Amino acid sequence: MDVPSLSPRLGDHMGLAEKRRRLLRLHWIEMEILELLASWSETMVSIPVRAGVGRFMWEQALHCDHLAWALRNLKHLGRVVPSVAPSDELVRYCEQLHQTDDPALRLVGLFQVLVPAVAEAEDGYLLATDPLADGNAVEAVEYCRRGHRGQTLWAERMLGTLLSTPAERRRAADFAHAQRVALLAAGGLTEDGAPAYYLPYQGWPEESELAATRAEAPTSVGQWQTTGYRYSKGFERNVVRLRWDSRFRYADSPADLADAPERGTLEGLVHWLHGLFHGECQTVDRMGWLLVDFPDLPWAMRKDMAQQAWEEARHIQIGAQLIEGLGGRLGQYPFPPYFQHLRRDHHHPVMHMVMGNIMGEGSAAAATNEALKYSAGWGNDWLQHGLEHLSGDEVLHVNFGKRWGRELSLADPVRFWEAGKRHAHTAIVAIEAARQVFGYASDPTRQCERVDREFEALLRPGAAPAGNEAAASGEY
Ligand SMILES: [Fe+2]
Ligand SMILES: [Fe+2]
């Protein structure tokens with residue numbers, strides 16, 4: 001008896017060079033979407049939208065990671081892969097989309113126009129390739145395709161609530177049309193631009209492949225080096241009050257924040273969670289700063305930052321549910337100004353690892369553990385379980401800070417350890433000056449000493465961070 005073969009049939013319409021060209025283009029565009037989301041995060045305003053953006057930063061990082069894996073399996077790539085960038089017109093199209101200010105129109109441009117175009121290119125790849133022999137790429141591209149399907153559905157649901165009047169829906173439809181025309185005029189995703197290099201082993205000198213890549217392509221930005229058009233995703237400086245929906249407001253003076261309920265009580269817990277909620281939103285954004293402002297960091301670190309963005313996005317949702325479940329209300333307390341945003345004005349990756357991940361998240365973990373202890377006898381399982389997950393995740397984030405702070409510092413002490421400390425000091429001076437203007441007492445010397453202790457600890461293998469002074473504000 002003949003047994004029917006269940007194996008896919010060999011045979012397709014593309015040579016290896018064309019497969020590689022298409023997969024590299026998909027990698028470029030998935031990375032661009034990651035960086036668009038990372039850059040927009042802090043000005044997306046609507047809380048459910050912000051939570052989705054954090055989640056999609058992680059999804060996009062996984063798309064890039066899967067495609068990079070398929071490329072490495074396609075054929076030995078060598079250290080530096082000669083490639084072609086997309087057309088300058090496509091890069092300009094992305095730049096113009098990036099400059100869109102209205103969060104709803106950003107979702108329209110990204111999820112109704114650009115992402116469907118990517119999905120179409122991915123479908124095109126799957127149709128043209130060999131389902132048997134090109135199995136790795138098929139798996140990676142199908143993975144991206146599934147992700148985009150979910151993202152598109154999510155965006156439609158969000159737009160259903162964001163576009164609440166016929167005039168807004170009309171404006172969104174006009175914008176979508178203009179974006180489609182602009183993408184067509186740019187030649188779509190497949191048009192080739194300037195010669196470029198793709199760096200499959202982008203990372204740090206401790207691996208010989210990586211060291212050689214750096215030597216051959218020292219000016220690379222992220223995993224792509226190109227002579228074609230580039231743009232940088234800038235940000236507004238001197239900001240200590242971020243954009244929120246109408247439920248929330250910032251305090252005008254310390255007196256506005258004066259009557260905090262007592263710690264250890266139900267009201268005290270809600271008050272602390274309310275401050276933490278602000279911090280969770282801003283930590284998704286801070287992961288965005290790292291991803292968008294430092295594309296040259298090792299990919300493994302960027303992937304960890306994208307993972308953290310997703311976890312912080314979950315913390316937004318956990319925090320909101322705990323506050324409401326305990327009888328509180330989002331927006332019931334004013335927020336203190338977000339002085340720590342000034343870190344971005346003086347940014348440096350190791351400074352962010354030390355001040356944000358090690359010190360800020362260490363404080364958040366300590367305060368969460370304290371809340372776990374004093375609420376243990378309240379007989380409330382969902383509260384305990386929510387806090388347990390918050391605490392567990394924050395410990396992981398402290399460890400991201402220690403790992404990458406140390407690895408970068410050891411890889412290049414001048415560029416990362418010394419410069420990181422210098423940037424931390426200038427950030428502290430700016431933060432303390434802003435706190436003083438607001439009406440708080442300020443002590444930059446003590447803050448600099450704390451930061452210096454954490455920088456010293458980075459160079460002592462196995463040393464625990466010295467900090468973890470409990471932060472009452474939940475600002476990290
Ligand atoms: Fe968090
Ligand atoms: Fe965290």
# chains A, B, ... in the order shown; residues from 1 in each chain; ligands from 1

$ closest_atom_pairs --of "chain A" --to "ligand 1" --cutoff "6 Å" --atoms "only C-alpha atoms and all ligand atoms" --output "JSON lines"
{"residue": "A:Glu280", "atom": "CA", "partner": "ligand 1", "partner_atom_place_in_ligand_line": "1 (Fe)", "distance": 4.9}
{"residue": "A:Glu312", "atom": "CA", "partner": "ligand 1", "partner_atom_place_in_ligand_line": "1 (Fe)", "distance": 4.5}
{"residue": "A:His315", "atom": "CA", "partner": "ligand 1", "partner_atom_place_in_ligand_line": "1 (Fe)", "distance": 5.3}
{"residue": "A:Glu394", "atom": "CA", "partner": "ligand 1", "partner_atom_place_in_ligand_line": "1 (Fe)", "distance": 5.9}

$ select_by_dssp --residues "stretch 16-229 of chain A" --states "strand (DSSP E or B)" --output "number ranges by chain"
A: 81-86, 192-198, 221, 224-226

$ residues_around --residues "stretch 371-376 of chain A" --least-positions-apart "3" --cutoff "8 Å" --atoms "only C-alpha atoms" --output "list in words"
Gly264, Leu269, Ala367, Thr368, Gly379, Asn380, Gln384, Leu387 and Glu388 of chain A

$ write_last_selection --atoms "N, CA and C atoms" --output "PDB file, in the first residue's frame"
ATOM      1  N   GLY A 264       0.673  51.594  55.663  1.00  0.00           N
ATOM      2  CA  GLY A 264       0.224  50.415  56.398  1.00  0.00           C
ATOM      3  C   GLY A 264      -1.292  50.310  56.495  1.00  0.00           C
ATOM      4  N   LEU A 269      -2.157  52.276  51.242  1.00  0.00           N
ATOM      5  CA  LEU A 269      -1.782  51.374  50.148  1.00  0.00           C
ATOM      6  C   LEU A 269      -2.290  51.921  48.808  1.00  0.00           C
ATOM      7  N   ALA A 367       9.470  48.567  48.409  1.00  0.00           N
ATOM      8  CA  ALA A 367       8.172  49.085  48.865  1.00  0.00           C
ATOM      9  C   ALA A 367       7.062  48.065  48.608  1.00  0.00           C
ATOM     10  N   THR A 368       7.170  47.311  47.514  1.00  0.00           N
ATOM     11  CA  THR A 368       6.158  46.286  47.223  1.00  0.00           C
ATOM     12  C   THR A 368       6.232  45.175  48.266  1.00  0.00           C
ATOM     13  N   GLY A 379      -6.574  38.918  54.172  1.00  0.00           N
ATOM     14  CA  GLY A 379      -7.419  37.878  53.574  1.00  0.00           C
ATOM     15  C   GLY A 379      -7.798  38.185  52.133  1.00  0.00           C
ATOM     16  N   ASN A 380      -6.911  38.852  51.401  1.00  0.00           N
ATOM     17  CA  ASN A 380      -7.230  39.252  50.033  1.00  0.00           C
ATOM     18  C   ASN A 380      -6.218  38.626  49.073  1.00  0.00           C
ATOM     19  N   GLN A 384      -2.634  40.050  47.198  1.00  0.00           N
ATOM     20  CA  GLN A 384      -1.338  39.416  47.472  1.00  0.00           C
ATOM     21  C   GLN A 384      -0.675  38.930  46.178  1.00  0.00           C
ATOM     22  N   LEU A 387       0.601  41.813  44.037  1.00  0.00           N
ATOM     23  CA  LEU A 387       1.827  42.384  44.604  1.00  0.00           C
ATOM     24  C   LEU A 387       3.011  41.434  44.430  1.00  0.00           C
ATOM     25  N   GLU A 388       2.744  40.129  44.570  1.00  0.00           N
ATOM     26  CA  GLU A 388       3.833  39.150  44.395  1.00  0.00           C
ATOM     27  C   GLU A 388       4.440  39.240  42.997  1.00  0.00           C
TER      28      GLU A 388
END

$ residues_around --residues "A:Met287" --least-positions-apart "3" --cutoff "10 Å" --atoms "only C-alpha atoms" --output "JSON, numbers by chain"
{"A": [38, 39, 41, 54, 57, 282, 283, 284, 290, 291, 292, 293, 302, 304, 305, 306, 307, 308, 309, 310, 312, 352, 356]}

$ residues_around --residues "A:Ala121" --least-positions-apart "3" --cutoff "10 Å" --atoms "only C-alpha atoms" --output "PyMOL selection string"
chain A and resi 22-23+25-26+115-118+124-127+141+145+188-190

$ write_last_selection --atoms "N, CA and C atoms" --output "mmCIF file, in the first residue's frame"
data_model
loop_
_atom_site.group_PDB
_atom_site.id
_atom_site.type_symbol
_atom_site.label_atom_id
_atom_site.label_comp_id
_atom_site.auth_asym_id
_atom_site.auth_seq_id
_atom_site.Cartn_x
_atom_site.Cartn_y
_atom_site.Cartn_z
ATOM 1 N N ARG A 22 14.689 39.816 0.849
ATOM 2 C CA ARG A 22 13.348 40.087 1.393
ATOM 3 C C ARG A 22 13.332 39.996 2.915
ATOM 4 N N LEU A 23 14.025 39.000 3.464
ATOM 5 C CA LEU A 23 14.037 38.848 4.934
ATOM 6 C C LEU A 23 14.753 40.024 5.590
ATOM 7 N N ARG A 25 14.853 43.059 4.415
ATOM 8 C CA ARG A 25 13.943 44.208 4.354
ATOM 9 C C ARG A 25 12.886 44.096 5.462
ATOM 10 N N LEU A 26 12.367 42.883 5.659
ATOM 11 C CA LEU A 26 11.376 42.692 6.731
ATOM 12 C C LEU A 26 12.003 43.020 8.086
ATOM 13 N N VAL A 115 1.481 48.572 8.961
ATOM 14 C CA VAL A 115 1.494 47.156 9.370
ATOM 15 C C VAL A 115 0.782 46.262 8.332
ATOM 16 N N PRO A 116 -0.382 46.674 7.784
ATOM 17 C CA PRO A 116 -0.963 45.832 6.718
ATOM 18 C C PRO A 116 -0.031 45.675 5.508
ATOM 19 N N ALA A 117 0.751 46.732 5.203
ATOM 20 C CA ALA A 117 1.701 46.607 4.081
ATOM 21 C C ALA A 117 2.796 45.595 4.421
ATOM 22 N N VAL A 118 3.233 45.600 5.681
ATOM 23 C CA VAL A 118 4.239 44.613 6.112
ATOM 24 C C VAL A 118 3.635 43.208 6.037
ATOM 25 N N GLY A 124 3.406 37.656 0.882
ATOM 26 C CA GLY A 124 4.070 37.479 -0.408
ATOM 27 C C GLY A 124 5.262 36.540 -0.283
ATOM 28 N N TYR A 125 6.013 36.698 0.799
ATOM 29 C CA TYR A 125 7.163 35.821 1.027
ATOM 30 C C TYR A 125 6.696 34.368 1.192
ATOM 31 N N LEU A 126 5.653 34.192 2.001
ATOM 32 C CA LEU A 126 5.184 32.829 2.292
ATOM 33 C C LEU A 126 4.659 32.143 1.037
ATOM 34 N N LEU A 127 4.024 32.905 0.154
ATOM 35 C CA LEU A 127 3.500 32.334 -1.091
ATOM 36 C C LEU A 127 4.621 31.943 -2.042
ATOM 37 N N VAL A 141 8.503 34.094 9.570
ATOM 38 C CA VAL A 141 7.591 35.043 8.902
ATOM 39 C C VAL A 141 6.150 34.781 9.341
ATOM 40 N N ARG A 145 3.566 37.376 11.094
ATOM 41 C CA ARG A 145 2.246 37.545 10.470
ATOM 42 C C ARG A 145 1.136 37.404 11.519
ATOM 43 N N GLY A 188 6.465 51.826 -1.885
ATOM 44 C CA GLY A 188 6.157 50.661 -1.041
ATOM 45 C C GLY A 188 7.374 50.198 -0.271
ATOM 46 N N LEU A 189 7.269 48.985 0.257
ATOM 47 C CA LEU A 189 8.329 48.485 1.140
ATOM 48 C C LEU A 189 9.465 47.826 0.373
ATOM 49 N N THR A 190 9.198 47.456 -0.875
ATOM 50 C CA THR A 190 10.152 46.568 -1.537
ATOM 51 C C THR A 190 11.207 47.291 -2.365
#

$ closest_residue --among "A:Thr265, A:Ser409, A:Ser363, A:Gln340" --to "ligand 2" --atoms "only C-alpha atoms and all ligand atoms"
A:Ser363

$ residues_around --residues "A:Gln60" --least-positions-apart "6" --cutoff "9 Å" --atoms "only C-alpha atoms" --output "number ranges by chain"
A: 30-31, 33-34, 144, 147, 306

$ residues_around --residues "A:Thr129" --least-positions-apart "6" --cutoff "8 Å" --atoms "only C-alpha atoms" --output "PDB file with C-alpha atoms, in the first residue's frame"
ATOM      1  CA  GLY A  11      10.055  23.903  -5.174  1.00  0.00           C
ATOM      2  CA  ASP A  12       9.574  27.657  -5.122  1.00  0.00           C
ATOM      3  CA  HIS A  13      10.004  30.890  -7.022  1.00  0.00           C
ATOM      4  CA  MET A  14      12.972  32.551  -5.308  1.00  0.00           C
ATOM      5  CA  LYS A  19      15.063  35.268   0.102  1.00  0.00           C
ATOM      6  CA  VAL A 138       8.568  30.242   6.980  1.00  0.00           C
TER       7      VAL A 138
END

$ select_by_dssp --residues "stretch 184-391 of chain A" --states "helix (DSSP H, G or I)" --output "PyMOL selection string"
chain A and resi 184-185+208-216+254-257+266-293+299-325+339-345+349-374+376-378+381-391

$ closest_residue --among "A:Glu262, A:Asp245, A:Glu156, A:Asp285" --to "ligand 2" --atoms "only C-alpha atoms and all ligand atoms"
A:Asp285

$ closest_residue --among "A:Val45, A:Leu114, A:Ile29, A:Ala366" --to "ligand 2" --atoms "only C-alpha atoms and all ligand atoms"
A:Ala366

$ atom_distance --atom1 "atom CA of A:Ile316" --atom2 "atom CA of A:Ser232"
28.4 Å

$ atom_distance --atom1 "atom CA of A:Gly362" --atom2 "atom CA of A:Leu458"
14.7 Å

$ closest_residue --among "A:Met359, A:Leu297, A:Ala172, A:Val81" --to "ligand 2" --atoms "only C-alpha atoms and all ligand atoms"
A:Met359
